[in-house]
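One file, work_38.txt, is given below (compact mmCIF, C-alpha atoms).
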# COMPACT_ATOMS: atom_id res chain seq x y z
CA MET Q 792 -105.46 -65.40 -49.72
CA ASP Q 793 -106.85 -62.37 -47.95
CA GLN Q 794 -105.11 -62.15 -44.58
CA THR Q 795 -108.26 -61.00 -42.79
CA LEU Q 796 -109.78 -64.46 -43.31
CA THR Q 797 -107.13 -66.04 -41.06
CA LEU Q 798 -107.42 -63.56 -38.22
CA HIS Q 799 -109.40 -64.33 -35.08
CA TRP Q 800 -111.07 -61.09 -34.11
CA GLN Q 801 -112.29 -60.38 -30.60
CA GLU Q 802 -114.03 -57.47 -28.95
CA ARG Q 803 -112.38 -55.89 -25.93
CA ARG Q 804 -114.03 -53.15 -23.91
CA LEU Q 805 -111.68 -50.75 -22.13
CA GLY Q 806 -113.80 -48.23 -20.27
CA ARG Q 807 -115.96 -46.34 -22.76
CA THR Q 808 -113.96 -47.61 -25.75
CA LEU Q 809 -114.84 -50.86 -27.51
CA LEU Q 810 -111.90 -52.27 -29.46
CA ARG Q 811 -111.89 -54.98 -32.12
CA THR Q 812 -108.54 -56.76 -31.90
CA TYR Q 813 -106.62 -59.86 -32.91
CA ARG Q 814 -103.54 -61.60 -31.43
CA ASP Q 815 -100.30 -61.99 -33.37
CA THR Q 816 -96.52 -61.95 -33.06
CA VAL Q 817 -94.74 -58.90 -34.46
CA ASP Q 818 -91.17 -57.95 -35.25
CA LEU Q 819 -89.55 -55.50 -32.83
CA TYR Q 820 -88.64 -53.20 -35.71
CA ASP Q 821 -92.15 -53.09 -37.14
CA VAL Q 822 -93.30 -51.35 -33.96
CA PHE Q 823 -92.94 -47.62 -33.20
CA PRO Q 824 -93.47 -45.76 -29.93
CA ASN Q 825 -96.29 -43.28 -29.44
CA GLU Q 826 -94.97 -39.72 -29.31
CA LYS Q 827 -98.02 -38.65 -27.29
CA GLN Q 828 -97.31 -41.05 -24.45
CA PRO Q 829 -98.75 -39.71 -21.16
CA ARG Q 830 -96.08 -41.41 -19.05
CA MET Q 831 -92.94 -39.32 -18.77
CA GLY Q 832 -89.45 -40.08 -17.52
CA PRO Q 833 -86.90 -42.79 -18.38
CA LYS Q 834 -88.21 -46.06 -19.80
CA GLU Q 835 -85.04 -48.13 -19.42
CA ASP Q 836 -85.54 -50.55 -16.54
CA PRO Q 837 -82.94 -53.23 -15.67
CA GLU Q 838 -85.44 -54.99 -13.40
CA LEU Q 839 -87.96 -55.25 -16.24
CA GLN Q 840 -85.21 -56.62 -18.49
CA ARG Q 841 -84.51 -59.32 -15.91
CA GLN Q 842 -88.21 -60.16 -15.75
CA ILE Q 843 -88.38 -60.45 -19.55
CA GLU Q 844 -85.42 -62.82 -19.53
CA ALA Q 845 -86.80 -64.89 -16.65
CA ASN Q 846 -90.12 -65.21 -18.49
CA GLU Q 847 -88.33 -65.88 -21.81
CA GLY Q 848 -90.20 -62.94 -23.34
CA ILE Q 849 -92.67 -60.24 -22.33
CA PHE Q 850 -95.45 -61.62 -20.17
CA GLU Q 851 -98.18 -59.22 -21.28
CA PRO Q 852 -98.66 -58.62 -25.04
CA LEU Q 853 -98.20 -55.13 -26.44
CA LEU Q 854 -101.40 -53.31 -27.37
CA LEU Q 855 -100.82 -51.92 -30.88
CA GLU Q 856 -102.70 -50.05 -33.59
CA PRO Q 857 -101.99 -49.85 -37.33
CA HIS Q 858 -99.46 -47.08 -37.94
CA PRO Q 859 -101.23 -44.07 -39.51
CA GLU Q 860 -98.44 -43.59 -42.08
CA ASP Q 861 -97.60 -47.22 -42.91
CA ARG Q 862 -100.23 -49.95 -42.71
CA ASN Q 863 -97.50 -52.61 -42.55
CA LYS Q 864 -96.16 -51.11 -39.30
CA PHE Q 865 -97.65 -50.64 -35.85
CA ARG Q 866 -97.76 -47.94 -33.20
CA ILE Q 867 -97.85 -48.63 -29.47
CA ILE Q 868 -101.02 -47.89 -27.52
CA ASP Q 869 -99.76 -49.58 -24.34
CA GLY Q 870 -96.47 -51.37 -23.71
CA ASP Q 871 -93.85 -48.71 -24.42
CA ARG Q 872 -91.61 -49.86 -21.52
CA ARG Q 873 -91.88 -53.52 -22.51
CA TRP Q 874 -90.95 -52.64 -26.10
CA THR Q 875 -88.08 -50.33 -25.05
CA ASN Q 876 -86.49 -52.89 -22.73
CA SER Q 877 -86.91 -55.72 -25.25
CA LYS Q 878 -85.10 -53.47 -27.73
CA ILE Q 879 -82.25 -53.00 -25.25
CA LEU Q 880 -81.95 -56.77 -24.80
CA VAL Q 881 -81.71 -57.20 -28.59
CA GLU Q 882 -79.44 -54.27 -29.44
CA VAL Q 883 -77.24 -53.93 -26.37
CA GLN Q 884 -77.11 -57.46 -25.02
CA LYS Q 885 -77.38 -59.06 -28.50
CA LYS Q 886 -80.21 -61.40 -27.50
CA ASP Q 887 -82.15 -61.79 -30.74
CA GLN Q 888 -84.68 -64.19 -29.19
CA TYR Q 889 -86.52 -61.13 -27.80
CA LYS Q 890 -86.95 -59.61 -31.26
CA HIS Q 891 -90.38 -61.21 -31.76
CA LEU Q 892 -93.07 -59.82 -29.50
CA PRO Q 893 -96.60 -61.01 -28.71
CA ALA Q 894 -99.15 -58.35 -29.50
CA GLU Q 895 -102.84 -57.53 -29.49
CA ILE Q 896 -103.61 -55.37 -32.53
CA THR Q 897 -106.62 -53.15 -33.15
CA ASP Q 898 -108.47 -53.15 -36.46
CA ARG Q 899 -107.96 -49.40 -36.91
CA THR Q 900 -105.88 -46.44 -35.80
CA LEU Q 901 -107.48 -44.82 -32.76
CA THR Q 902 -108.16 -41.13 -32.33
CA ASP Q 903 -105.92 -39.26 -29.87
CA GLU Q 904 -108.69 -39.17 -27.27
CA GLU Q 905 -109.51 -42.87 -27.68
CA ARG Q 906 -105.84 -43.76 -27.32
CA LEU Q 907 -105.51 -41.71 -24.15
CA ARG Q 908 -108.71 -43.14 -22.67
CA VAL Q 909 -107.58 -46.71 -23.37
CA TRP Q 910 -104.09 -46.15 -21.95
CA ILE Q 911 -105.47 -44.53 -18.80
CA TYR Q 912 -108.10 -47.23 -18.32
CA ILE Q 913 -105.38 -49.92 -18.49
CA HIS Q 914 -103.02 -48.10 -16.14
CA ARG Q 915 -105.65 -47.29 -13.54
CA GLN Q 916 -105.92 -51.02 -12.91
CA ARG Q 917 -102.22 -51.24 -12.01
CA ARG Q 918 -100.49 -50.62 -8.69
CA GLU Q 919 -98.28 -47.89 -10.14
CA TRP Q 920 -101.29 -45.65 -10.82
CA ASP Q 921 -101.84 -44.67 -7.19
CA THR Q 922 -98.18 -44.79 -6.17
CA LYS Q 923 -96.71 -42.47 -8.79
CA GLU Q 924 -98.48 -42.23 -12.15
CA LYS Q 925 -101.73 -40.38 -11.41
CA GLU Q 926 -100.19 -36.91 -11.02
CA MET Q 927 -97.74 -37.36 -13.88
CA VAL Q 928 -100.49 -38.39 -16.31
CA ALA Q 929 -102.72 -35.50 -15.21
CA TYR Q 930 -99.87 -33.07 -15.90
CA SER Q 931 -99.23 -34.59 -19.34
CA LEU Q 932 -102.89 -34.57 -20.32
CA VAL Q 933 -103.31 -30.89 -19.44
CA ASN Q 934 -100.44 -30.05 -21.77
CA MET Q 935 -101.90 -32.28 -24.50
CA VAL Q 936 -105.62 -31.52 -24.43
CA GLY Q 937 -106.23 -28.77 -21.87
CA ARG Q 938 -107.77 -28.82 -18.37
CA ALA Q 939 -111.40 -29.50 -19.26
CA SER Q 940 -110.68 -32.41 -21.62
CA ALA Q 941 -108.03 -33.83 -19.28
CA ALA Q 942 -110.50 -33.86 -16.38
CA ASN Q 943 -113.12 -35.50 -18.59
CA ILE Q 944 -110.75 -38.23 -19.76
CA LEU Q 945 -109.62 -38.94 -16.18
CA GLY Q 946 -113.21 -38.88 -14.91
CA ILE Q 947 -112.50 -36.26 -12.23
CA THR Q 948 -113.40 -32.62 -11.59
CA VAL Q 949 -111.23 -29.76 -12.81
CA ARG Q 950 -110.52 -28.92 -9.17
CA GLU Q 951 -109.26 -32.44 -8.51
CA LEU Q 952 -107.19 -32.25 -11.69
CA ASP Q 953 -105.60 -28.97 -10.61
CA LYS Q 954 -104.58 -30.56 -7.31
CA LEU Q 955 -102.87 -33.44 -9.13
CA VAL Q 956 -101.04 -31.01 -11.42
CA ASP Q 957 -99.92 -28.93 -8.42
CA ILE Q 958 -98.52 -32.05 -6.75
CA TYR Q 959 -96.61 -33.00 -9.90
CA ASP Q 960 -95.24 -29.45 -10.28
CA LEU Q 961 -94.05 -29.56 -6.66
CA SER Q 962 -92.48 -33.01 -7.07
CA GLU Q 963 -90.32 -31.64 -9.89
CA LYS Q 964 -88.75 -29.18 -7.43
CA LEU Q 965 -87.57 -32.00 -5.15
CA THR Q 966 -84.33 -32.71 -6.92
CA ASN Q 967 -82.02 -34.36 -4.38
CA LEU Q 968 -83.94 -37.26 -2.85
CA ALA Q 969 -82.25 -40.52 -1.91
CA GLU Q 970 -84.96 -42.19 -4.02
CA PRO Q 971 -85.87 -39.87 -6.93
CA GLY Q 972 -88.96 -41.96 -7.70
CA ALA Q 973 -90.40 -41.01 -4.30
CA SER Q 974 -90.79 -37.32 -5.18
CA ILE Q 975 -94.57 -37.72 -5.69
CA THR Q 976 -94.93 -39.20 -2.19
CA TRP Q 977 -93.03 -36.25 -0.70
CA ALA Q 978 -95.08 -33.74 -2.70
CA ARG Q 979 -98.35 -35.35 -1.55
CA GLU Q 980 -97.28 -35.04 2.10
CA ILE Q 981 -96.46 -31.35 1.62
CA LYS Q 982 -99.75 -30.63 -0.11
CA ASN Q 983 -101.64 -32.36 2.71
CA LEU Q 984 -100.59 -29.54 5.03
CA ASN Q 985 -103.21 -26.88 5.66
CA ARG Q 986 -103.07 -24.05 3.12
CA LYS Q 987 -103.20 -21.48 5.90
CA ILE Q 988 -99.86 -22.66 7.32
CA LEU Q 989 -98.26 -23.52 3.97
CA THR Q 990 -97.22 -19.97 3.05
CA PRO Q 991 -94.78 -19.35 0.17
CA THR Q 992 -91.94 -18.81 2.68
CA VAL Q 993 -92.77 -22.04 4.50
CA LEU Q 994 -93.02 -23.97 1.23
CA ASP Q 995 -89.66 -22.65 0.01
CA THR Q 996 -88.08 -23.62 3.34
CA ILE Q 997 -89.52 -27.14 3.21
CA ILE Q 998 -88.25 -27.64 -0.36
CA ARG Q 999 -84.78 -26.37 0.59
CA LYS Q 1000 -84.52 -28.55 3.69
CA ILE Q 1001 -85.63 -31.63 1.72
CA ASN Q 1002 -83.17 -30.97 -1.12
CA GLU Q 1003 -80.37 -30.39 1.39
CA GLN Q 1004 -81.43 -33.65 3.08
CA GLU Q 1005 -82.12 -31.99 6.40
CA ILE Q 1006 -85.48 -33.78 6.23
CA THR Q 1007 -85.07 -37.41 5.17
CA ASN Q 1008 -88.41 -39.02 6.04
CA SER Q 1009 -91.53 -37.81 4.23
CA LYS Q 1010 -93.76 -38.78 7.18
CA ASP Q 1011 -91.88 -36.30 9.39
CA LEU Q 1012 -93.57 -33.54 7.40
CA ARG Q 1013 -96.79 -34.35 9.27
CA LYS Q 1014 -95.20 -32.93 12.43
CA LEU Q 1015 -95.23 -29.52 10.74
CA ARG Q 1016 -98.98 -29.31 11.38
CA GLN Q 1017 -98.15 -28.83 15.05
CA ILE Q 1018 -94.94 -26.83 14.57
CA LEU Q 1019 -96.25 -24.25 12.11
CA LYS Q 1020 -99.27 -23.40 14.26
CA ASP Q 1021 -96.94 -22.33 17.06
CA PRO Q 1022 -95.20 -18.94 16.49
CA VAL Q 1023 -91.97 -19.97 18.24
CA GLY Q 1024 -91.94 -23.39 16.62
CA LYS Q 1025 -92.50 -21.81 13.21
CA GLU Q 1026 -89.66 -19.33 13.72
CA SER Q 1027 -87.35 -22.15 14.78
CA PHE Q 1028 -88.21 -24.25 11.72
CA LEU Q 1029 -87.76 -21.33 9.32
CA SER Q 1030 -84.32 -20.50 10.73
CA ALA Q 1031 -81.26 -21.69 8.82
CA GLU Q 1032 -80.40 -24.26 11.51
CA GLY Q 1033 -83.93 -25.28 12.43
CA GLY Q 1034 -84.87 -28.90 11.80
CA ILE Q 1035 -88.21 -30.56 12.48
CA GLU Q 1036 -87.17 -32.26 15.74
CA LYS Q 1037 -85.46 -29.12 17.03
CA ALA Q 1038 -88.49 -26.99 16.19
CA LEU Q 1039 -90.82 -29.54 17.79
CA LYS Q 1040 -89.04 -29.08 21.12
CA THR Q 1041 -89.85 -25.37 21.07
CA VAL Q 1042 -93.59 -25.94 20.65
CA ALA Q 1043 -95.59 -25.29 23.78
CA PRO Q 1044 -97.08 -28.61 24.94
CA ALA Q 1045 -100.77 -29.04 25.71
CA PRO Q 1046 -101.55 -27.80 29.25
CA SER Q 1047 -103.30 -31.05 30.15
CA LYS Q 1048 -100.02 -32.92 29.95
CA LYS Q 1049 -98.19 -30.75 32.51
CA ALA Q 1050 -97.26 -32.19 35.89
CA HIS Q 1051 -98.46 -30.40 39.06
CA GLY Q 1052 -96.55 -28.75 41.88
CA LEU Q 1053 -92.79 -28.34 41.90
CA LEU Q 1054 -92.26 -30.88 39.11
CA GLY Q 1055 -94.68 -29.00 36.88
CA ASP Q 1056 -92.90 -25.71 37.59
CA ILE Q 1057 -89.52 -27.22 36.73
CA GLU Q 1058 -90.90 -28.68 33.49
CA GLN Q 1059 -92.44 -25.33 32.60
CA LEU Q 1060 -89.12 -23.56 33.21
CA SER Q 1061 -87.24 -26.09 31.07
CA GLU Q 1062 -89.77 -25.87 28.26
CA SER Q 1063 -89.81 -22.08 28.35
CA LEU Q 1064 -86.02 -21.95 27.99
CA GLN Q 1065 -86.07 -24.44 25.11
CA ARG Q 1066 -88.68 -22.44 23.26
CA TYR Q 1067 -86.43 -19.39 22.79
CA PRO Q 1068 -85.29 -19.25 19.14
CA TRP Q 1069 -81.57 -19.05 18.50
CA THR Q 1070 -81.96 -15.56 16.98
CA THR Q 1071 -83.32 -14.21 20.28
CA LEU Q 1072 -80.57 -15.91 22.31
CA ALA Q 1073 -77.90 -14.56 19.97
CA ALA Q 1074 -79.19 -11.02 20.56
CA MET Q 1075 -78.78 -11.52 24.34
CA LYS Q 1076 -75.14 -12.54 24.08
CA GLY Q 1077 -73.02 -10.52 26.55
CA ASP Q 1078 -76.06 -9.06 28.35
CA GLN Q 1079 -74.79 -8.86 31.97
CA GLN Q 1080 -78.26 -8.53 33.45
CA VAL Q 1081 -79.35 -11.77 31.78
CA ILE Q 1082 -76.13 -13.51 32.82
CA ARG Q 1083 -76.56 -12.44 36.49
CA LYS Q 1084 -80.14 -13.69 36.50
CA LEU Q 1085 -79.02 -17.03 35.02
CA GLU Q 1086 -76.34 -17.36 37.70
CA GLU Q 1087 -78.91 -16.69 40.42
CA THR Q 1088 -81.25 -19.28 38.94
CA GLU Q 1089 -78.38 -21.77 38.57
CA ARG Q 1090 -77.47 -21.39 42.27
CA LEU Q 1091 -81.10 -21.82 43.27
CA ILE Q 1092 -81.44 -24.99 41.19
CA LYS Q 1093 -78.20 -26.44 42.64
CA GLU Q 1094 -79.39 -25.75 46.21
CA LEU Q 1095 -82.78 -27.29 45.40
CA LYS Q 1096 -81.14 -30.37 43.90
CA LYS Q 1097 -78.85 -30.71 46.95
CA ALA Q 1098 -81.79 -30.46 49.33
CA LEU Q 1099 -83.85 -33.04 47.44
CA SER Q 1100 -80.93 -35.46 47.06
CA LYS Q 1101 -80.50 -35.91 50.86

What does this structure look like when you write it as structure tokens?
Amino acid sequence: MDQTLTLHWQERRLGRTLLRTYRDTVDLYDVFPNEKQPRMGPKEDPELQRQIEANEGIFEPLLLEPHPEDRNKFRIIDGDRRWTNSKILVEVQKKDQYKHLPAEITDRTLTDEERLRVWIYIHRQRREWDTKEKEMVAYSLVNMVGRASAANILGITVRELDKLVDIYDLSEKLTNLAEPGASITWAREIKNLNRKILTPTVLDTIIRKINEQEITNSKDLRKLRQILKDPVGKESFLSAEGGIEKALKTVAPAPSKKAHGLLGDIEQLSESLQRYPWTTLAAMKGDQQVIRKLEETERLIKELKKALSK
């Protein structure tokens, strides 16, 4: 009997693409990954393997198309990670019960653009899209189809696309994070800084300090908006020993926050001394005139403290 008579076809609209599909169960080894998969990086995921076991199989069916070179085989449109981790359970952990996979199968092999549009439409509905996938997919699409087509498929402007690609490029330079998967978050914070203050030298310094784990919280990068606008604060941050908190102390505070009278003068003196970069202080080392003036000021402060303590 012709197999098509037993199939229950359904129409499924995914964005602009209308698919005609049917549900079935397929053998793990009749399925092949898509070489033009927009998602990059490792697909092995122990947590996903645990979820598959807890659910006694994959929860969401694979979306497959007839393989273009063998009509008895299938190629993955969406579900590469589910397939990969099911394969690990079968081959590494010898759990053959995960060899049979639920699938939704299209009636034809899609074009490259249709396949990309469908995959992106599906993934835009998921939480991972905004947290880490958007920039990675933009970067992949540009390499696959060029900037104009990539922007069209993503439904954004070329300018917006370029920004996503820049963020992904930057994230690849952040190589020593405690959580490697957070590199996109770090890169977004850096790119949110004003272009006028994010000079090549500043950018190189930020990358180095992140990779050397001198900066360990991505939200601390927001403080650079204030630091880099201040010449002394900027010099402190760019120095070899300058961290964000240290540089922040050298930034001149807003005048409206200063106390009045003697207290204000003391605060101003303290702040002025703290604002001197270490390079300037190092150059003054051994300067007898500076040392004498410090001694005079020290005596004055001690006498003032003694008078006010009575």

Among the residues Q:Arg906, Q:Arg814, Q:Arg807, Q:Lys864, the one that comes closest to Q:Glu826 [using all atoms listed in the file]: Q:Arg906

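Rounded to one decimal, atom CA of Q:Ile981 and atom CA of Q:Arg1016 lie 10.3 Å from each other.
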
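Using only C-alpha atoms, the smallest distance between any of Q:Asn846, Q:Asn863, Q:Gln801, Q:Ser931 and Q:Ile911 comes from Q:Ser931.
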
All residues 9 Å or closer to Q:Asn876, all atoms listed in the file, same chain fewer than 3 positions away omitted, as a ChimeraX atom specification: /Q:834-837,839-840,843,871-873,879-881

Separation of atom CA of Q:Arg918 from atom CA of Q:Val933 in Å: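 Distance between the two atoms: 22.6 Å.
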
Stretch 814-825 of chain Q, all listed atoms, 4 Å padding on each side: what axis-aligned box centre and edge lengths in Å to one decimal come out, as AutoDock Vina command-line options?
--center_x -96.1 --center_y -52.6 --center_z -33.3 --size_x 22.9 --size_y 26.7 --size_z 15.7

Shell of 8 Å around Q:Leu952, only C-alpha atoms, local chain residues under 4 positions omitted, as a list in words: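 The contact residues come out as Ala929, Arg938, Ala941, Ala942, Ile947, Thr948 and Val956 of chain Q.
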
Can you write out the residues you just picked, keeping C-alpha atoms, as a PDB file, in the coordinates of the input?
ATOM      1  CA  ALA Q 929    -102.720 -35.500 -15.210  1.00  0.00           C
ATOM      2  CA  ARG Q 938    -107.770 -28.820 -18.370  1.00  0.00           C
ATOM      3  CA  ALA Q 941    -108.030 -33.830 -19.280  1.00  0.00           C
ATOM      4  CA  ALA Q 942    -110.500 -33.860 -16.380  1.00  0.00           C
ATOM      5  CA  ILE Q 947    -112.500 -36.260 -12.230  1.00  0.00           C
ATOM      6  CA  THR Q 948    -113.400 -32.620 -11.590  1.00  0.00           C
ATOM      7  CA  VAL Q 956    -101.040 -31.010 -11.420  1.00  0.00           C
TER       8      VAL Q 956
END
